[in-house]
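Undergrad: Contents of structure_33.txt (compact mmCIF, C-alpha atoms):
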```txt
# COMPACT_ATOMS: atom_id res chain seq x y z
CA MET A 176 0.00 0.00 0.00
CA THR A 177 2.78 2.44 0.88
CA GLU A 178 4.77 1.48 -2.14
CA ASN A 179 1.78 2.27 -4.43
CA ARG A 180 1.32 5.83 -2.94
CA LEU A 181 4.96 6.87 -3.35
CA PRO A 182 4.86 7.26 -7.16
CA LEU A 183 1.62 9.26 -6.81
CA LEU A 184 3.15 11.71 -4.26
CA THR A 185 6.26 12.09 -6.38
CA GLY A 186 4.17 12.95 -9.42
CA ALA A 187 2.10 15.51 -7.46
CA LEU A 188 5.24 17.30 -6.18
CA CYS A 189 6.63 17.50 -9.71
CA ALA A 190 3.39 19.00 -10.98
CA MET A 191 3.38 21.66 -8.21
CA THR A 192 6.99 22.55 -8.93
CA PHE A 193 6.20 22.98 -12.60
CA LEU A 194 3.22 25.22 -11.86
CA LEU A 195 5.22 27.48 -9.46
CA GLY A 196 7.97 27.86 -12.04
CA ALA A 197 5.47 28.76 -14.68
CA CYS A 198 3.84 31.46 -12.44
CA THR A 199 7.20 33.00 -11.62
CA SER A 200 8.09 33.19 -15.29
CA GLN A 201 4.77 34.84 -16.08
CA ASP A 202 5.27 37.49 -13.29
CA GLU A 203 8.73 38.36 -14.54
CA ALA A 204 7.49 38.68 -18.07
CA GLY A 205 4.62 40.88 -16.91
CA GLY A 206 7.03 43.17 -15.01
CA ARG A 207 9.13 43.58 -18.12
CA ASN A 208 6.06 44.40 -20.21
CA ARG A 209 4.66 47.07 -17.93
CA GLY A 210 7.25 49.64 -19.21
CA ALA A 211 8.06 53.19 -17.99
CA PRO A 212 5.36 55.39 -16.33
CA GLU A 213 3.65 58.05 -18.44
CA VAL A 214 4.19 61.67 -17.32
CA GLY A 215 2.83 64.99 -18.61
CA TYR A 216 5.17 67.91 -19.30
CA ILE A 217 5.14 71.53 -20.46
CA SER A 218 7.80 73.41 -22.38
CA VAL A 219 8.63 76.55 -20.42
CA ALA A 220 9.26 79.96 -21.97
CA VAL A 221 10.71 83.25 -20.72
CA GLU A 222 8.13 86.00 -20.34
CA ALA A 223 7.62 89.35 -18.64
CA VAL A 224 5.96 88.87 -15.25
CA PRO A 225 4.82 91.80 -13.09
CA VAL A 226 6.16 92.04 -9.54
CA THR A 227 2.92 92.58 -7.65
CA THR A 228 3.21 94.34 -4.29
CA SER A 229 0.57 94.06 -1.58
CA LEU A 230 0.57 96.80 1.05
CA GLY A 231 -1.79 97.72 3.85
CA GLY A 232 -3.07 101.27 3.86
CA ARG A 233 -5.55 103.78 5.25
CA ALA A 234 -8.03 105.89 3.36
CA VAL A 235 -7.44 109.63 3.79
CA ALA A 236 -9.74 112.48 2.79
CA PHE A 237 -8.63 114.41 -0.29
CA GLU A 238 -9.13 117.70 1.59
CA THR A 239 -9.84 118.33 5.27
CA SER A 240 -10.82 121.66 6.79
CA GLU A 241 -11.55 122.52 10.40
CA VAL A 242 -14.25 125.17 10.67
CA ARG A 243 -13.09 127.82 13.16
CA PRO A 244 -14.39 131.28 14.12
CA GLN A 245 -12.34 134.30 13.10
CA VAL A 246 -14.11 136.75 15.43
CA ASN A 247 -15.42 136.59 18.98
CA GLY A 248 -19.08 136.35 19.91
CA LEU A 249 -22.13 134.24 20.72
CA ILE A 250 -23.45 131.73 18.19
CA HIS A 251 -27.04 132.58 17.29
CA ARG A 252 -27.84 129.81 14.81
CA ARG A 253 -26.47 126.69 13.18
CA LEU A 254 -27.28 126.80 9.46
CA PHE A 255 -26.42 123.26 8.24
CA THR A 256 -27.49 119.65 8.73
CA GLU A 257 -24.91 117.42 10.38
CA GLY A 258 -23.50 114.81 8.00
CA ALA A 259 -24.75 116.64 4.90
CA PHE A 260 -22.78 117.75 1.88
CA VAL A 261 -21.88 121.46 1.99
CA ARG A 262 -20.39 123.66 -0.69
CA ALA A 263 -17.59 126.18 -0.36
CA GLY A 264 -18.99 129.54 0.80
CA GLN A 265 -22.18 128.05 2.27
CA PRO A 266 -23.15 129.69 5.64
CA LEU A 267 -22.66 127.31 8.58
CA TYR A 268 -22.97 129.43 11.77
CA GLN A 269 -24.25 132.91 12.55
CA ILE A 270 -22.46 134.86 15.29
CA ASP A 271 -24.22 137.88 16.88
CA PRO A 272 -23.32 140.68 14.41
CA SER A 273 -24.48 143.66 16.51
CA LEU A 274 -21.07 144.82 17.66
CA TYR A 275 -19.53 144.36 14.21
CA ARG A 276 -22.37 146.21 12.48
CA ALA A 277 -21.87 149.10 14.92
CA GLY A 278 -18.15 149.01 14.17
CA VAL A 279 -18.93 149.40 10.46
CA ASP A 280 -21.19 152.37 11.16
CA GLN A 281 -18.51 154.03 13.27
CA ALA A 282 -15.89 153.47 10.58
CA VAL A 283 -18.22 155.00 7.97
CA ALA A 284 -18.63 158.12 10.13
CA ASN A 285 -14.91 158.44 10.76
CA LEU A 286 -14.22 158.19 7.06
CA ALA A 287 -16.76 160.89 6.28
CA SER A 288 -15.18 163.18 8.90
CA ALA A 289 -11.71 162.58 7.49
CA ARG A 290 -12.87 163.33 3.97
CA ALA A 291 -14.43 166.64 5.13
CA SER A 292 -11.24 167.63 6.91
CA ALA A 293 -9.19 166.72 3.85
CA GLN A 294 -11.43 168.79 1.60
CA ALA A 295 -11.06 171.88 3.88
CA ALA A 296 -7.28 171.47 4.10
CA GLU A 297 -6.93 171.13 0.32
CA GLU A 298 -9.13 174.22 -0.25
CA ARG A 299 -7.04 176.31 2.18
CA ALA A 300 -3.80 175.23 0.45
CA ARG A 301 -5.32 176.08 -2.96
CA ARG A 302 -6.23 179.60 -1.81
CA LEU A 303 -2.86 180.28 -0.23
CA GLU A 304 -0.93 179.23 -3.35
CA PRO A 305 -1.43 182.53 -5.40
CA LEU A 306 -0.93 184.66 -2.29
CA ALA A 307 2.36 182.94 -1.59
CA LYS A 308 3.47 183.66 -5.16
CA MET A 309 2.58 187.35 -4.68
CA GLN A 310 4.37 187.24 -1.28
CA ALA A 311 1.13 188.43 0.30
CA VAL A 312 1.49 185.65 2.91
CA ALA A 313 4.51 184.04 4.40
CA GLU A 314 5.96 181.12 2.44
CA GLN A 315 5.86 179.03 5.61
CA ASP A 316 2.08 179.45 5.91
CA TYR A 317 1.63 178.01 2.42
CA THR A 318 4.01 175.12 3.21
CA ASP A 319 2.07 174.33 6.40
CA ALA A 320 -1.21 174.36 4.46
CA LEU A 321 0.15 171.86 1.91
CA ALA A 322 1.31 169.58 4.73
CA GLN A 323 -2.11 169.76 6.40
CA ALA A 324 -3.75 168.78 3.13
CA ARG A 325 -1.46 165.77 2.69
CA MET A 326 -2.09 164.67 6.28
CA ALA A 327 -5.83 164.95 5.72
CA ARG A 328 -5.60 162.74 2.62
CA ALA A 329 -3.61 160.18 4.64
CA ALA A 330 -6.30 160.25 7.35
CA VAL A 331 -8.90 159.48 4.67
CA ALA A 332 -6.89 156.43 3.59
CA GLN A 333 -6.52 155.27 7.20
CA ASN A 334 -10.23 155.56 7.92
CA GLY A 335 -10.99 153.81 4.64
CA ALA A 336 -8.84 150.84 5.75
CA ALA A 337 -10.57 150.86 9.14
CA LEU A 338 -13.93 150.71 7.39
CA GLU A 339 -12.77 147.74 5.30
CA THR A 340 -11.60 145.96 8.46
CA ALA A 341 -14.95 146.55 10.13
CA ARG A 342 -16.76 145.17 7.10
CA ILE A 343 -14.55 142.08 7.07
CA ASN A 344 -15.24 141.44 10.76
CA LEU A 345 -18.95 141.81 10.08
CA ARG A 346 -18.65 139.29 7.24
CA PHE A 347 -16.78 136.90 9.55
CA ALA A 348 -19.79 136.97 11.88
CA THR A 349 -21.30 134.56 9.33
CA ILE A 350 -19.04 131.48 9.37
CA THR A 351 -18.98 129.83 5.92
CA ALA A 352 -17.61 126.55 4.59
CA PRO A 353 -14.00 126.95 3.38
CA ILE A 354 -14.22 123.87 1.09
CA SER A 355 -16.88 121.63 -0.40
CA GLY A 356 -17.36 118.24 1.20
CA ARG A 357 -19.14 116.18 3.82
CA ILE A 358 -19.48 117.94 7.17
CA GLY A 359 -19.43 116.05 10.45
CA ARG A 360 -21.21 116.70 13.71
CA SER A 361 -21.31 120.18 15.18
CA LEU A 362 -19.06 120.70 18.19
CA ALA A 363 -20.77 123.98 19.18
CA THR A 364 -24.42 124.75 19.82
CA PRO A 365 -26.38 128.02 19.60
CA GLY A 366 -25.60 130.18 22.62
CA ALA A 367 -21.99 129.05 22.87
CA LEU A 368 -19.33 131.72 23.22
CA VAL A 369 -16.61 131.33 20.62
CA SER A 370 -13.35 133.16 20.01
CA ALA A 371 -10.88 133.50 17.20
CA SER A 372 -8.11 131.94 19.34
CA GLN A 373 -9.95 128.81 20.52
CA ALA A 374 -8.30 125.41 19.95
CA THR A 375 -11.46 123.36 19.31
CA PRO A 376 -13.00 123.59 15.83
CA LEU A 377 -16.73 124.08 15.41
CA ALA A 378 -16.97 121.28 12.82
CA VAL A 379 -14.82 119.36 10.33
CA ILE A 380 -15.41 119.18 6.56
CA GLN A 381 -13.85 116.38 4.51
CA GLN A 382 -13.81 116.03 0.73
CA THR A 383 -14.21 112.31 -0.01
CA ASP A 384 -14.29 112.29 -3.80
CA PRO A 385 -11.57 111.65 -4.79
CA MET A 386 -9.80 109.95 -1.88
CA PHE A 387 -6.19 109.27 -0.96
CA VAL A 388 -4.86 105.93 0.29
CA ASP A 389 -1.62 106.10 2.29
CA MET A 390 0.38 102.84 2.16
CA GLN A 391 3.41 101.85 4.23
CA GLN A 392 6.29 99.98 2.56
CA SER A 393 9.47 98.77 4.22
CA SER A 394 12.44 100.96 3.36
CA ALA A 395 14.50 97.78 2.86
CA GLU A 396 12.06 96.52 0.19
CA LEU A 397 12.10 99.90 -1.51
CA THR A 398 15.90 99.95 -1.53
CA THR A 399 16.03 96.43 -3.03
CA LEU A 400 13.57 97.46 -5.73
CA ARG A 401 15.56 100.57 -6.61
CA GLN A 402 18.77 98.58 -6.86
CA ALA A 403 17.06 96.03 -9.12
CA LEU A 404 15.79 98.84 -11.33
CA GLU A 405 19.25 100.38 -11.56
CA SER A 406 20.89 97.04 -12.42
CA GLY A 407 18.32 96.27 -15.09
CA GLY A 408 17.05 93.13 -13.39
CA VAL A 409 13.52 94.52 -13.47
CA THR A 410 11.84 97.38 -15.26
CA ALA A 411 9.50 100.01 -13.86
CA GLY A 412 5.94 98.81 -13.48
CA SER A 413 2.59 100.51 -13.72
CA THR A 414 1.36 103.24 -11.37
CA SER A 415 -2.14 101.77 -11.41
CA VAL A 416 -3.34 100.51 -8.01
CA ARG A 417 -6.17 98.13 -7.10
CA LEU A 418 -7.83 97.93 -3.69
CA ARG A 419 -9.22 95.12 -1.59
CA LEU A 420 -11.66 96.28 1.09
CA GLU A 421 -11.92 95.12 4.69
CA ASP A 422 -14.48 92.43 3.83
CA GLY A 423 -12.20 90.97 1.15
CA SER A 424 -14.15 92.36 -1.80
CA ALA A 425 -12.48 94.26 -4.64
CA TYR A 426 -12.99 98.02 -4.92
CA GLY A 427 -14.62 98.91 -8.22
CA PHE A 428 -12.26 101.72 -9.27
CA ALA A 429 -8.53 101.72 -9.94
CA GLY A 430 -6.26 104.41 -8.52
CA THR A 431 -2.92 105.96 -9.39
CA VAL A 432 0.23 106.28 -7.29
CA GLN A 433 0.87 109.99 -6.69
CA PHE A 434 4.21 110.10 -4.85
CA SER A 435 6.57 108.39 -2.42
CA ASP A 436 7.57 110.19 0.76
CA VAL A 437 11.16 111.42 0.99
CA THR A 438 11.71 110.41 4.63
CA VAL A 439 11.66 107.11 6.51
CA ASN A 440 9.57 106.76 9.64
CA GLU A 441 12.13 106.17 12.40
CA ALA A 442 9.66 104.23 14.56
CA THR A 443 8.49 101.75 11.90
CA GLY A 444 11.24 101.87 9.25
CA THR A 445 8.68 102.40 6.51
CA VAL A 446 8.11 104.88 3.70
CA THR A 447 4.66 106.27 2.90
CA LEU A 448 3.28 105.85 -0.62
CA ARG A 449 0.15 107.80 -1.57
CA ALA A 450 -2.38 106.79 -4.24
CA ARG A 451 -5.45 108.67 -5.47
CA PHE A 452 -8.80 106.93 -6.09
CA PRO A 453 -12.16 108.12 -7.42
CA ASN A 454 -14.92 107.67 -4.84
CA PRO A 455 -18.20 108.68 -6.51
CA LYS A 456 -20.32 106.27 -4.44
CA GLY A 457 -18.72 107.13 -1.10
CA VAL A 458 -17.56 103.55 -0.44
CA LEU A 459 -14.18 104.70 0.87
CA LEU A 460 -14.38 106.50 4.20
CA PRO A 461 -11.58 108.40 5.95
CA GLY A 462 -9.68 106.07 8.26
CA MET A 463 -10.84 102.85 6.54
CA PHE A 464 -8.24 100.05 6.35
CA VAL A 465 -7.63 98.66 2.85
CA THR A 466 -5.11 96.47 1.03
CA ALA A 467 -3.46 97.99 -2.04
CA LEU A 468 -2.22 95.82 -4.91
CA PHE A 469 -0.08 97.23 -7.68
CA ASP A 470 2.61 96.14 -10.12
CA GLN A 471 5.60 97.99 -8.73
CA ALA A 472 8.00 96.46 -11.29
CA VAL A 473 8.17 93.95 -14.16
CA ASN A 474 10.59 91.01 -14.35
CA PRO A 475 11.29 90.62 -18.10
CA ALA A 476 13.06 87.23 -17.80
CA ALA A 477 10.83 85.13 -15.55
CA ILE A 478 9.40 81.66 -16.13
CA LEU A 479 5.96 80.52 -14.94
CA VAL A 480 5.53 76.92 -13.78
CA PRO A 481 2.26 75.41 -12.42
CA GLN A 482 2.35 75.16 -8.66
CA PRO A 483 1.92 71.32 -8.48
CA ALA A 484 5.15 70.91 -10.47
CA VAL A 485 7.28 72.70 -7.86
CA LEU A 486 8.24 70.49 -4.92
CA ARG A 487 10.02 71.35 -1.69
CA ASP A 488 13.01 69.57 -0.14
CA PHE A 489 13.59 69.02 3.57
CA ASP A 490 15.48 72.32 3.82
CA GLY A 491 12.65 74.21 2.11
CA SER A 492 14.47 74.63 -1.21
CA ALA A 493 12.38 74.23 -4.36
CA PHE A 494 13.01 71.72 -7.16
CA VAL A 495 11.29 70.36 -10.25
CA TYR A 496 11.59 67.26 -12.41
CA LEU A 497 12.60 67.68 -16.04
CA VAL A 498 12.43 65.36 -19.01
CA GLY A 499 16.13 64.51 -19.32
CA LYS A 500 18.22 62.63 -21.84
CA ASP A 501 17.00 59.22 -22.95
CA ASN A 502 13.58 60.04 -21.44
CA LYS A 503 14.77 59.86 -17.87
CA ALA A 504 13.63 62.08 -14.99
CA ALA A 505 16.13 64.78 -14.02
CA ARG A 506 15.78 66.63 -10.74
CA ARG A 507 16.68 70.36 -10.82
CA LYS A 508 16.80 72.95 -8.02
CA VAL A 509 15.09 76.26 -8.84
CA THR A 510 14.42 79.64 -7.20
CA ALA A 511 10.70 80.14 -6.58
CA ASN A 512 9.93 82.92 -4.10
CA ARG A 513 6.47 84.10 -5.15
CA THR A 514 3.37 83.08 -7.05
CA VAL A 515 1.24 84.65 -9.75
CA GLY A 516 -2.20 83.09 -9.85
CA ALA A 517 -1.81 79.30 -10.09
CA ASN A 518 1.87 79.45 -11.08
CA TRP A 519 5.22 79.79 -9.35
CA VAL A 520 7.53 82.49 -10.71
CA ILE A 521 10.89 80.84 -11.40
CA THR A 522 13.73 83.36 -11.46
CA ASP A 523 16.67 80.93 -11.56
CA GLY A 524 17.33 77.28 -12.47
CA LEU A 525 15.38 76.90 -15.72
CA LYS A 526 15.94 77.85 -19.33
CA ALA A 527 13.49 78.46 -22.14
CA GLY A 528 12.50 75.29 -23.98
CA GLU A 529 13.19 72.86 -21.13
CA ARG A 530 10.43 70.35 -20.44
CA VAL A 531 9.11 70.45 -16.87
CA ILE A 532 7.09 67.48 -15.67
CA THR A 533 3.75 68.66 -14.27
CA GLN A 534 1.73 65.41 -14.13
CA GLY A 535 2.57 62.02 -12.73
CA ILE A 536 5.37 63.24 -10.45
CA GLY A 537 4.16 61.44 -7.32
CA ASN A 538 6.68 58.55 -7.42
CA LEU A 539 9.40 60.00 -9.64
CA LYS A 540 13.06 59.58 -8.79
CA GLN A 541 16.26 60.93 -10.22
CA GLY A 542 17.19 58.95 -13.33
CA ALA A 543 13.94 56.97 -13.48
CA ALA A 544 12.80 55.94 -16.96
CA ILE A 545 9.67 57.83 -18.06
CA ARG A 546 7.35 58.06 -21.05
CA PRO A 547 6.78 61.84 -21.55
CA VAL A 548 3.67 63.22 -23.25
CA PRO A 549 2.38 66.81 -23.42
CA ALA A 550 0.45 67.76 -20.30
CA ASN A 551 -3.30 67.07 -20.27
CA SER A 552 -3.01 64.61 -23.18
CA PRO A 553 -5.89 62.08 -23.21
CA GLN A 554 -5.02 58.59 -21.99
CA ARG A 555 -5.03 55.81 -24.57
CA VAL A 556 -7.36 52.99 -23.69
CA GLY A 557 -6.68 49.83 -25.77
CA ALA A 558 -9.52 47.64 -27.14
CA PRO A 559 -9.94 44.19 -25.52
CA LYS A 560 -8.29 41.33 -27.29
CA SER A 561 -10.56 39.15 -29.40
CA GLY A 562 -9.49 35.99 -27.57
CA ALA A 563 -10.33 37.48 -24.21
CA GLY A 564 -13.75 38.53 -25.39
CA LYS A 565 -14.50 35.06 -26.69
CA ALA A 566 -13.32 33.47 -23.46
CA GLU A 567 -15.62 35.71 -21.41
CA THR A 568 -18.54 34.92 -23.72
CA THR A 569 -17.92 31.21 -23.41
CA LYS A 570 -17.64 31.52 -19.65
CA ASP A 571 -20.96 33.36 -19.45
CA LYS A 572 -22.59 30.61 -21.40
```
Here is the file; what I need is its structure written in the form of structure tokens.
TA:
Amino acid sequence: MTENRLPLLTGALCAMTFLLGACTSQDEAGGRNRGAPEVGYISVAVEAVPVTTSLGGRAVAFETSEVRPQVNGLIHRRLFTEGAFVRAGQPLYQIDPSLYRAGVDQAVANLASARASAQAAEERARRLEPLAKMQAVAEQDYTDALAQARMARAAVAQNGAALETARINLRFATITAPISGRIGRSLATPGALVSASQATPLAVIQQTDPMFVDMQQSSAELTTLRQALESGGVTAGSTSVRLRLEDGSAYGFAGTVQFSDVTVNEATGTVTLRARFPNPKGVLLPGMFVTALFDQAVNPAAILVPQPAVLRDFDGSAFVYLVGKDNKAARRKVTANRTVGANWVITDGLKAGERVITQGIGNLKQGAAIRPVPANSPQRVGAPKSGAGKAETTKDK
């Protein structure tokens, strides 16, 4: 019985060994047939890329005027609505004009008296002139008469100036708006005593269309930019400025950079840049915080690479994979310090025409064999073999 089973066991072991050898051969053949992985690439090109600067800023009124009295007196009436728009020259407050009207009347009377005295002095000098020529009167009397006439004419001029001053003071009794704009709350009420030397204004008027935006930029950044402009590394950008409001929305009007301050703030180490914006709808308010975006310079020799293609090493340095010789992956370090939209701006490490791998880079290694195709190419799906289809049909049956 044992002798009969031995040939059967020996035959079974031989069959299993043959099957294992056949499976191993099939796996090795399948590994060789899988081939290199397919990757998508783009051919990079040098192009001009703006250097966009983002700065925080504050909205500032185009014009600001503090309404102050220029004469002393009691306020009788307030002639405007708080928060309303006022025009230059519009009456705002009325100070009691009684004293100033009386001053005008007094100045008018003094001027009339001076004119009468001047007329009498001139008439006396005119009459003495022929008598002095005939030596009927002393020459000194005629000289004194001429002097009195000149003094009388000077008194007329003095009283005329006093009358003009009195009229100006009377006009100042009505306080008017020095500029057009939006007026704030009134800081004085009817019945308040005001003076020309007081420190507190009666109200504040601000012109809010157009508006200024004051931005703060580091003096170090400004120095670096100026050096880059002088060396030719970048060219001057546009003076157009865009705004992002406090809620993150974009402001509907573009502005223009007006000037850069000539001094550095010692406390913050920043330089103030001022831009001017139209504000017809009154969206910008004085003191509002905004973010300004503008192209301060243009890099004429930059390369844009999609962000997924730029990887980071352990030390934070950036690198990309290129399609190298013999269709092998080549790792290359690059300089990528900022982004524009969905792309990294590469300023060093790449040349025009090189092929950067942007798809299928998950498991790439230096020197790995690849099958490059243009990025976003459709995948090729092969038709099922005829034998396989027949086998499945037979199996279903």
Undergrad: Quote the spacing between atom CA of Gln245 of chain A and atom CA of Val279 of chain A in Å to one decimal place.
TA: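 Calculated distance between atom CA of Gln245 of chain A and atom CA of Val279 of chain A is 16.7 Å.
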Undergrad: Produce a table with one row for each residue of segment 443-552 of chain A that has an atom at most 7 Å from any atom of segment 425-432 of chain A, each row naming the nearest atom pair and its distance in Å at one decimal; use all atoms listed in the file; arrange rows by chain and rising residue number; format as CSV.
TA:
```
residue,atom,partner,partner_atom,distance
A:Arg449,CA,A:Val432,CA,5.9
A:Ala450,CA,A:Val432,CA,4.0
A:Arg451,CA,A:Gly430,CA,5.3
A:Phe452,CA,A:Gly430,CA,4.3
A:Pro453,CA,A:Phe428,CA,6.7
```
Undergrad: Excluding Leu459 of chain A and any residue of its chain fewer than 6 positions from it, enumerate the residues within 9 Å of it, using all atoms listed in the file, and give them as an NGL selection string.
TA: :A and (234-235 or 383-384 or 386 or 420 or 426)
Undergrad: Could I get the residues of segment 244-336 of chain A with an atom no further than 6 Å from an atom of segment 344-356 of chain A, each paired with its nearest atom pair and that distance in Å to one decimal, using all atoms listed in the file, sorted by chain and residue number, as JSON lines?
TA:
```
{"residue": "A:Phe260", "atom": "CA", "partner": "A:Gly356", "partner_atom": "CA", "distance": 5.5}
{"residue": "A:Val261", "atom": "CA", "partner": "A:Ser355", "partner_atom": "CA", "distance": 5.5}
{"residue": "A:Arg262", "atom": "CA", "partner": "A:Ser355", "partner_atom": "CA", "distance": 4.1}
{"residue": "A:Ala263", "atom": "CA", "partner": "A:Ile354", "partner_atom": "CA", "distance": 4.3}
{"residue": "A:Gly264", "atom": "CA", "partner": "A:Ala352", "partner_atom": "CA", "distance": 5.0}
{"residue": "A:Gln265", "atom": "CA", "partner": "A:Thr351", "partner_atom": "CA", "distance": 5.2}
{"residue": "A:Pro266", "atom": "CA", "partner": "A:Thr351", "partner_atom": "CA", "distance": 4.2}
{"residue": "A:Leu267", "atom": "CA", "partner": "A:Thr351", "partner_atom": "CA", "distance": 5.2}
{"residue": "A:Tyr268", "atom": "CA", "partner": "A:Ile350", "partner_atom": "CA", "distance": 5.0}
{"residue": "A:Gln269", "atom": "CA", "partner": "A:Thr349", "partner_atom": "CA", "distance": 4.7}
{"residue": "A:Ile270", "atom": "CA", "partner": "A:Ala348", "partner_atom": "CA", "distance": 4.8}
{"residue": "A:Pro272", "atom": "CA", "partner": "A:Ala348", "partner_atom": "CA", "distance": 5.7}
{"residue": "A:Tyr275", "atom": "CA", "partner": "A:Leu345", "partner_atom": "CA", "distance": 4.9}
```
Undergrad: Give the answer as one residue: which of A:Ile343, A:Asn502, A:Ser394, A:Leu321 has the shortest atom-to-atom distance to Ala442 of chain A, using only C-alpha atoms?
TA: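 Smallest distance to Ala442 of chain A is found for A:Ser394.
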Undergrad: Calculated over all atoms listed in the file, which of the candidates A:Ala484, A:Ala211, A:Ala282, A:Val416 has the smallest distance to Gln534 of chain A?
TA: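 Of all the options, A:Ala484 lies closest to Gln534 of chain A.
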Undergrad: If we count all atoms listed in the file, what is near Ala320 of chain A at a cut-off of 9 Å, once residues fewer than 4 positions away on the same chain are taken out, given as a compact mmCIF listing (two decimals) with C-alpha atoms, in the coordinates of the input?
TA:
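After the write, around-v7.txt holds the following:
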```txt
# COMPACT_ATOMS: atom_id res chain seq x y z
CA ALA A 296 -7.28 171.47 4.10
CA GLU A 297 -6.93 171.13 0.32
CA ARG A 299 -7.04 176.31 2.18
CA ALA A 300 -3.80 175.23 0.45
CA ARG A 301 -5.32 176.08 -2.96
CA LEU A 303 -2.86 180.28 -0.23
CA GLN A 315 5.86 179.03 5.61
CA ASP A 316 2.08 179.45 5.91
CA ALA A 324 -3.75 168.78 3.13
CA ARG A 325 -1.46 165.77 2.69
```
Undergrad: Rounded to one decimal place, report the atom CA of Glu314 of chain A-atom CA of Ala327 of chain A distance in Å.
TA: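 That distance, rounded to one decimal, is 20.3 Å.
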Undergrad: Of the residues A:Ser288, A:Gln323, A:Thr447, A:Asn474, which is the one nearest to Phe434 of chain A, using all atoms listed in the file?
TA: A:Thr447
Undergrad: Against segment 226-231 of chain A, which residues of segment 410-470 of chain A fall within 12 Å? For each one I want the closest pair of atoms and the distance in Å (one decimal), counting all atoms listed in the file, rows by chain and increasing residue number, as CSV.
TA:
```
residue,atom,partner,partner_atom,distance
A:Thr410,CA,A:Val226,CA,9.7
A:Ala411,CA,A:Val226,CA,9.7
A:Gly412,CA,A:Val226,CA,7.8
A:Ser413,CA,A:Thr227,CA,10.0
A:Thr414,CA,A:Thr227,CA,11.4
A:Ser415,CA,A:Thr227,CA,11.1
A:Val416,CA,A:Thr228,CA,9.7
A:Arg417,CA,A:Ser229,CA,9.6
A:Leu418,CA,A:Ser229,CA,9.5
A:Arg419,CA,A:Gly231,CA,9.6
A:Leu420,CA,A:Gly231,CA,10.3
A:Glu421,CA,A:Gly231,CA,10.5
A:Thr445,CA,A:Leu230,CA,11.3
A:Val446,CA,A:Leu230,CA,11.4
A:Thr447,CA,A:Leu230,CA,10.5
A:Leu448,CA,A:Leu230,CA,9.6
A:Arg449,CA,A:Leu230,CA,11.3
A:Ala450,CA,A:Leu230,CA,11.7
A:Met463,CA,A:Gly231,CA,10.7
A:Phe464,CA,A:Gly231,CA,7.3
A:Val465,CA,A:Gly231,CA,6.0
A:Thr466,CA,A:Gly231,CA,4.5
A:Ala467,CA,A:Leu230,CA,5.2
A:Leu468,CA,A:Ser229,CA,4.7
A:Phe469,CA,A:Thr227,CA,5.5
A:Asp470,CA,A:Thr227,CA,4.3
```
Undergrad: Could you tell me which of A:His251, A:Ala220, A:Thr256, A:Gln433 comes closest to Thr522 of chain A if we count all atoms listed in the file?
TA: A:Ala220
Undergrad: Contacts of segment 523-530 of chain A at 12 Å or less, counting all atoms listed in the file, minus same-chain residues fewer than 6 places along, as JSON, numbers by chain?
TA: {"A": [214, 215, 216, 217, 218, 219, 220, 221, 222, 476, 477, 478, 479, 480, 484, 485, 492, 493, 494, 495, 496, 497, 498, 499, 500, 502, 503, 504, 505, 506, 507, 508, 509, 510, 511, 512, 547, 548, 549, 550]}
Undergrad: One number please: atom CA of Val379 of chain A to atom CA of Pro244 of chain A, in Å, one decimal.
TA: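 Answer for the atom CA of Val379 of chain A to atom CA of Pro244 of chain A separation: 12.5 Å.
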Undergrad: Here is a test: counting all atoms listed in the file, which residue of A:Val224, A:Glu441, A:Met326, A:Thr399 is nearest to Trp519 of chain A?
TA: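 Of the candidates, the smallest distance to Trp519 of chain A is held by A:Val224.
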Undergrad: Given the choices A:Ile532, A:Gly491, A:Gln392, A:Pro483, which gets closest to Thr438 of chain A if the distance is worked out from all atoms listed in the file?
TA: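 Once distances to Thr438 of chain A are computed over all atoms listed in the file, the minimum belongs to A:Gln392.
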